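> Attaching a single structure in structure tokens format; questions to follow.
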There are 2 protein chains.
Amino acid sequence: MIELFLVGIGTGNPAHVTIQAINQLKAADIIMIPRKGEHKSDLVDLRHQICDELLGEDAPPLIEFDLPVRDDNKSYLTAVDEWHDAIAETWQNCIQAARKTITTNITHIAMLIWGDPALYDSSLRIASRLTPAPIITIIPGITSVQALTAAHKITLNEIGKPFIITTGRQLTSNGFPKEVDTAIIMLDGKCAFQSLEQDLYHIWWGAYLGMKSEVIIDGQLSKVADRIIQTRQQERAKHGWIMDSYMLRREKTRKKLGKRTVLHKHEK
Amino acid sequence: MIELFLVGIGTGNPAHVTIQAINQLKAADIIMIPRKGEHKSDLVDLRHQICDELLGEDAPPLIEFDLPVRDDNKSYLTAVDEWHDAIAETWQNCIQAARKTITTNITHIAMLIWGDPALYDSSLRIASRLTPAPIITIIPGITSVQALTAAHKITLNEIGKPFIITTGRQLTSNGFPKEVDTAIIMLDGKCAFQSLEQDLYHIWWGAYLGMKSEVIIDGQLSKVADRIIQTRQQERAKHGWIMDSYMLRREKTRKKLGKRTVLHKHEK
């Protein structure tokens, strides 16, 4: 029987980690870490750094495994589904291997999850493919959404108002959501905000949120869209990879808020 | 000049606190804590407990202040607006008093924020009323949304899909959002889910999330709505207060997901 700890570790700043996460990681027999290909090796390094800095001598052995590659020639949902199958198999093999090379008594397995296991993360879906079904413990972590709002010193919601969290694909396909004035966009590799009527929105954008290399830009979308696209290209070339997200809010709503809201500090 | 640290502390479990939050709190000259009336005194106690347990000898002085009462006879936005004015004045007075009684050199002031300062929290709006404008630092914290999904072992989004975060008032006024299949409801003192056609939704509900007294219920809304209402009343009577939130998802969408998703474990 396996007990699987899915531990949210925040967005790349070791100080994002919670006391609960540290305690849960220390309680594991092994920690499984994906290799993500060379271009993202600084992310793997960061996982090692988190374990070294925060777990010290109590750190369980770290076991690296190779993530399968997703076949993006298929439809999105099929590609994701098959990819999750393949990852689940990799996890099983990794656990079997660890039982042979370390000790047969491995039952408590931790995984370090970027952000929070509940937000655009597949670990729970992959875990549900394991047989027999593992006992699962979830430890929440700081998400890039929270790192974004902290960096810009803004709130997600206007007073008593709703907001949506969605993806670049959805924004391109369906336009800006009609029922809300605020949308957070994630998983957007193609600057989907270009498809919008740019005069109507304010954007708060950020990359490498929470990390030392954090970059943020905000302003009326029509004024800063080009700068964001350019910055994104430059930063991606520099690091070899990029993770970014952004918040959009309808301009007309922002003006209604009055002079005193913090949101207005960027409008000067 | 004041530097204000708005520090997210999670939802009542001291272990939700991040390393970053601990470091920021230790760097403050004072920590300001609201008294919330007797019935919520365990929340004030919990703030003290967090400081005692996690800051130890490095804990700055804790200064309590009385929160003004909101005048709910006025319209919601007016009541909130005037209330924020009154709280800002209380903060100013509290800081002045601390400068007289402790030391005149108080400039770095920390506040412990339930959840995350970006999510249905007014601290940023109140801070924007201070004169002169303070320098603000935001430290993200685990929200009750994340504690809810961790407790139920669910994800917020379906694969590549959007979700909305909204309030009980909005759900009652506008019904279930049309553009999404998943909604998280916060600030709902009146079980607004009663206004929905209950056969169509699954609910994952939780109160005192992250705390020792955590209670969770989930199931098809028509089957568990009464139990949630009853449990909510009982728990509120027992503790003298309650904080709860919940996720709703359209049932038809859940069935499309196939047998393997974790979301289905409750449907047996």
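Ordered as shown in the structure tokens, chains take letters A, B, and onward, while each chain numbers its residues from 1 and ligands are numbered from 1 in the order shown.
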Enumerate, as a PyMOL selection string, the complete set of residues in stretch 48-145 of chain A that a backbone-based DSSP assignment places in alpha helix (DSSP H).

chain A and resi 48-55+76-101+123-127+144-145

> For the selection you just gave me, I'd like the residues written to a file as a CSV table (one decimal), in the first residue's frame, keeping N, CA and C atoms.


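The result, stored in selection34.csv:
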chain,number,residue,atom,x,y,z
A,48,HIS,N,16.0,20.4,-5.6
A,48,HIS,CA,17.1,19.9,-4.8
A,48,HIS,C,17.4,21.0,-3.7
A,49,GLN,N,17.4,22.2,-4.2
A,49,GLN,CA,17.8,23.3,-3.3
A,49,GLN,C,16.8,23.4,-2.1
A,50,ILE,N,15.5,23.3,-2.5
A,50,ILE,CA,14.5,23.4,-1.4
A,50,ILE,C,14.7,22.2,-0.4
A,51,CYS,N,14.9,21.0,-0.9
A,51,CYS,CA,15.1,19.9,0.0
A,51,CYS,C,16.4,20.1,0.9
A,52,ASP,N,17.5,20.6,0.2
A,52,ASP,CA,18.7,20.8,1.0
A,52,ASP,C,18.5,21.9,2.1
A,53,GLU,N,18.0,23.0,1.7
A,53,GLU,CA,17.9,24.1,2.6
A,53,GLU,C,16.9,23.9,3.7
A,54,LEU,N,15.7,23.3,3.3
A,54,LEU,CA,14.6,23.2,4.3
A,54,LEU,C,14.5,21.9,5.1
A,55,LEU,N,15.0,20.8,4.5
A,55,LEU,CA,14.9,19.6,5.2
A,55,LEU,C,16.2,19.1,5.9
A,76,TYR,N,-6.0,17.8,-27.9
A,76,TYR,CA,-5.5,18.2,-26.6
A,76,TYR,C,-5.9,17.2,-25.5
A,77,LEU,N,-7.1,16.9,-25.4
A,77,LEU,CA,-7.6,16.0,-24.3
A,77,LEU,C,-7.1,14.6,-24.4
A,78,THR,N,-7.0,14.1,-25.6
A,78,THR,CA,-6.4,12.7,-25.9
A,78,THR,C,-4.9,12.7,-25.5
A,79,ALA,N,-4.2,13.7,-26.0
A,79,ALA,CA,-2.8,13.8,-25.7
A,79,ALA,C,-2.5,13.9,-24.2
A,80,VAL,N,-3.3,14.7,-23.5
A,80,VAL,CA,-3.2,14.8,-22.0
A,80,VAL,C,-3.5,13.5,-21.3
A,81,ASP,N,-4.6,12.8,-21.8
A,81,ASP,CA,-5.0,11.6,-21.2
A,81,ASP,C,-3.9,10.5,-21.3
A,82,GLU,N,-3.4,10.3,-22.5
A,82,GLU,CA,-2.4,9.3,-22.7
A,82,GLU,C,-1.1,9.7,-22.0
A,83,TRP,N,-0.8,10.9,-21.9
A,83,TRP,CA,0.4,11.4,-21.2
A,83,TRP,C,0.3,11.0,-19.7
A,84,HIS,N,-0.9,11.3,-19.2
A,84,HIS,CA,-1.1,10.9,-17.7
A,84,HIS,C,-0.9,9.4,-17.5
A,85,ASP,N,-1.5,8.6,-18.4
A,85,ASP,CA,-1.2,7.2,-18.3
A,85,ASP,C,0.3,6.8,-18.3
A,86,ALA,N,1.0,7.5,-19.2
A,86,ALA,CA,2.4,7.2,-19.3
A,86,ALA,C,3.2,7.6,-18.0
A,87,ILE,N,2.8,8.8,-17.5
A,87,ILE,CA,3.4,9.3,-16.3
A,87,ILE,C,3.1,8.3,-15.1
A,88,ALA,N,1.9,7.9,-15.0
A,88,ALA,CA,1.5,7.0,-13.9
A,88,ALA,C,2.4,5.7,-14.0
A,89,GLU,N,2.6,5.2,-15.2
A,89,GLU,CA,3.5,4.0,-15.3
A,89,GLU,C,4.9,4.3,-14.9
A,90,THR,N,5.4,5.5,-15.3
A,90,THR,CA,6.7,5.9,-14.8
A,90,THR,C,6.8,6.0,-13.3
A,91,TRP,N,5.8,6.5,-12.7
A,91,TRP,CA,5.8,6.6,-11.2
A,91,TRP,C,5.9,5.2,-10.6
A,92,GLN,N,5.0,4.3,-11.2
A,92,GLN,CA,5.1,2.9,-10.6
A,92,GLN,C,6.5,2.3,-10.8
A,93,ASN,N,7.1,2.4,-12.0
A,93,ASN,CA,8.4,1.9,-12.2
A,93,ASN,C,9.4,2.5,-11.3
A,94,CYS,N,9.3,3.8,-11.1
A,94,CYS,CA,10.3,4.5,-10.2
A,94,CYS,C,10.2,4.0,-8.8
A,95,ILE,N,8.9,3.7,-8.3
A,95,ILE,CA,8.8,3.2,-6.9
A,95,ILE,C,9.3,1.8,-6.8
A,96,GLN,N,9.1,1.0,-7.8
A,96,GLN,CA,9.6,-0.4,-7.8
A,96,GLN,C,11.1,-0.3,-7.8
A,97,ALA,N,11.7,0.5,-8.6
A,97,ALA,CA,13.2,0.6,-8.7
A,97,ALA,C,13.7,1.0,-7.3
A,98,ALA,N,13.1,2.0,-6.7
A,98,ALA,CA,13.5,2.5,-5.4
A,98,ALA,C,13.5,1.4,-4.3
A,99,ARG,N,12.4,0.6,-4.4
A,99,ARG,CA,12.3,-0.5,-3.5
A,99,ARG,C,13.4,-1.5,-3.6
A,100,LYS,N,13.9,-1.7,-4.9
A,100,LYS,CA,15.1,-2.6,-5.1
A,100,LYS,C,16.4,-2.0,-4.6
A,101,THR,N,16.6,-0.7,-4.9
A,101,THR,CA,17.9,-0.1,-4.7
A,101,THR,C,18.0,0.5,-3.3
A,123,SER,N,-1.2,16.0,-10.9
A,123,SER,CA,-0.8,14.9,-10.1
A,123,SER,C,-1.9,14.1,-9.5
A,124,LEU,N,-3.0,14.8,-9.1
A,124,LEU,CA,-4.1,14.0,-8.6
A,124,LEU,C,-4.7,13.1,-9.6
A,125,ARG,N,-4.8,13.5,-10.9
A,125,ARG,CA,-5.3,12.7,-11.9
A,125,ARG,C,-4.4,11.5,-12.2
A,126,ILE,N,-3.1,11.8,-12.2
A,126,ILE,CA,-2.2,10.7,-12.4
A,126,ILE,C,-2.2,9.7,-11.3
A,127,ALA,N,-2.3,10.2,-10.0
A,127,ALA,CA,-2.3,9.4,-8.9
A,127,ALA,C,-3.5,8.4,-8.9
A,144,SER,N,1.1,30.6,-8.5
A,144,SER,CA,1.7,31.7,-9.2
A,144,SER,C,0.6,32.9,-9.3
A,145,VAL,N,-0.6,32.5,-9.1
A,145,VAL,CA,-1.7,33.6,-9.0
A,145,VAL,C,-1.4,34.5,-7.8

> Contacts from chain B to chain A, 6 Å maximum, only C-alpha atoms: show me the residue list as a list in words.

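Taken together, these residues fit the definition: Ala15, His16, Val17, Thr18, Ile19, Gln20, Ala118, Leu119, Arg125, Ser128, Ile138, Pro140, Gln146, Ala150, Thr155, Leu156, Pro162, Phe163, Ile164, Ile165, Thr166, Thr261 and Val262 of chain B.
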
> Only N, CA and C atoms, please: the residues just picked out, written as a compact mmCIF listing (two decimals), in the first residue's frame.


# COMPACT_ATOMS: atom_id res chain seq x y z
N ALA B 15 0.63 25.67 10.90
CA ALA B 15 1.56 25.05 9.94
C ALA B 15 1.33 25.52 8.50
N HIS B 16 0.25 26.27 8.26
CA HIS B 16 0.04 26.86 6.93
C HIS B 16 1.02 27.99 6.66
N VAL B 17 1.64 28.51 7.69
CA VAL B 17 2.49 29.70 7.54
C VAL B 17 3.75 29.33 6.75
N THR B 18 4.16 30.24 5.86
CA THR B 18 5.35 30.00 5.04
C THR B 18 6.61 30.56 5.73
N ILE B 19 7.75 30.08 5.26
CA ILE B 19 9.04 30.58 5.75
C ILE B 19 9.14 32.09 5.50
N GLN B 20 8.64 32.50 4.32
CA GLN B 20 8.66 33.92 3.96
C GLN B 20 7.84 34.76 4.95
N ALA B 118 -4.82 38.90 -1.16
CA ALA B 118 -5.42 39.19 -2.46
C ALA B 118 -6.86 38.68 -2.59
N LEU B 119 -7.31 37.85 -1.65
CA LEU B 119 -8.59 37.15 -1.86
C LEU B 119 -9.63 37.55 -0.82
N ARG B 125 -7.07 47.73 0.47
CA ARG B 125 -7.95 48.90 0.28
C ARG B 125 -7.88 49.83 1.48
N SER B 128 -4.59 51.76 1.48
CA SER B 128 -4.52 52.83 0.49
C SER B 128 -5.13 54.14 1.02
N ILE B 138 3.60 42.53 0.30
CA ILE B 138 2.57 41.49 0.42
C ILE B 138 3.25 40.13 0.51
N PRO B 140 2.15 36.23 0.29
CA PRO B 140 0.99 35.36 0.04
C PRO B 140 0.82 34.30 1.13
N GLN B 146 -7.84 26.76 -1.03
CA GLN B 146 -6.82 25.71 -1.12
C GLN B 146 -6.97 24.69 0.00
N ALA B 150 -7.68 20.75 -0.66
CA ALA B 150 -6.76 19.79 -0.03
C ALA B 150 -7.55 18.80 0.83
N THR B 155 -9.30 18.83 -7.49
CA THR B 155 -8.68 19.96 -8.18
C THR B 155 -9.74 21.04 -8.45
N LEU B 156 -9.29 22.28 -8.53
CA LEU B 156 -10.20 23.38 -8.82
C LEU B 156 -10.70 23.31 -10.26
N PRO B 162 -11.84 26.54 -17.25
CA PRO B 162 -11.85 27.67 -16.31
C PRO B 162 -12.72 27.38 -15.09
N PHE B 163 -12.58 28.19 -14.07
CA PHE B 163 -13.51 28.15 -12.93
C PHE B 163 -13.64 29.57 -12.39
N ILE B 164 -14.71 29.77 -11.62
CA ILE B 164 -14.99 31.10 -11.10
C ILE B 164 -14.91 31.07 -9.58
N ILE B 165 -14.45 32.16 -9.00
CA ILE B 165 -14.52 32.31 -7.54
C ILE B 165 -15.46 33.47 -7.28
N THR B 166 -16.48 33.23 -6.47
CA THR B 166 -17.52 34.23 -6.28
C THR B 166 -18.07 34.19 -4.86
N THR B 261 -11.18 9.64 -13.03
CA THR B 261 -10.81 10.85 -12.31
C THR B 261 -11.11 10.69 -10.83
N VAL B 262 -10.27 11.36 -10.05
CA VAL B 262 -10.40 11.31 -8.60
C VAL B 262 -11.75 11.87 -8.16

> Any chance you could list, as a list in words, the residues in stretch 52-120 of chain A that come up strand (DSSP E) when DSSP is run on the backbone?

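Going through stretch 52-120 of chain A, the strand (DSSP E) residues come out as Leu62, Ile63, Glu64, Phe65, Asp66, His108, Ile109, Ala110, Met111, Leu112 and Ile113 of chain A.
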
> What is the atom CA of A:Met247-atom CA of A:Ser213 distance in Å, reported with one decimal?

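Between these atoms lies a distance of 19.5 Å.
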
> Near B:Gln233, counting only C-alpha atoms, which residues have an atom at most 12 Å away, once you skip same-chain residues fewer than 4 positions from it, shown as a list in words?

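Returned residues: Gly189, Lys190, Cys191, Ala207, Asp226, Arg227, Ile228, Ile229, Ala237, Lys238, His239, Gly240, Trp241, Ile242, Met243 and Asp244 of chain B.
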
> For the residues in that selection, give me C-alpha atoms as a PDB file, in the first residue's frame.


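As written to disk, again.pdb reads:
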ATOM      1  CA  GLY B 189     -23.573  33.169   5.550  1.00  0.00           C
ATOM      2  CA  LYS B 190     -26.925  32.028   4.170  1.00  0.00           C
ATOM      3  CA  CYS B 191     -26.288  28.746   2.333  1.00  0.00           C
ATOM      4  CA  ALA B 207     -15.885  24.675   7.604  1.00  0.00           C
ATOM      5  CA  ASP B 226     -29.961  19.564   4.319  1.00  0.00           C
ATOM      6  CA  ARG B 227     -27.083  17.882   6.123  1.00  0.00           C
ATOM      7  CA  ILE B 228     -24.787  20.820   5.336  1.00  0.00           C
ATOM      8  CA  ILE B 229     -27.373  23.347   6.602  1.00  0.00           C
ATOM      9  CA  ALA B 237     -23.720  27.045  17.932  1.00  0.00           C
ATOM     10  CA  LYS B 238     -20.833  24.982  19.318  1.00  0.00           C
ATOM     11  CA  HIS B 239     -18.033  27.411  18.388  1.00  0.00           C
ATOM     12  CA  GLY B 240     -19.934  30.710  18.511  1.00  0.00           C
ATOM     13  CA  TRP B 241     -18.767  31.483  14.959  1.00  0.00           C
ATOM     14  CA  ILE B 242     -18.214  29.700  11.658  1.00  0.00           C
ATOM     15  CA  MET B 243     -16.119  30.226   8.536  1.00  0.00           C
ATOM     16  CA  ASP B 244     -16.950  27.983   5.590  1.00  0.00           C
TER      17      ASP B 244
END

> Could you tell me which of A:Leu248, A:Ile33, A:Leu25, A:Ile113 comes closest to A:Gly56 if we count only C-alpha atoms?

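Closest to A:Gly56 of all the choices is A:Leu25.
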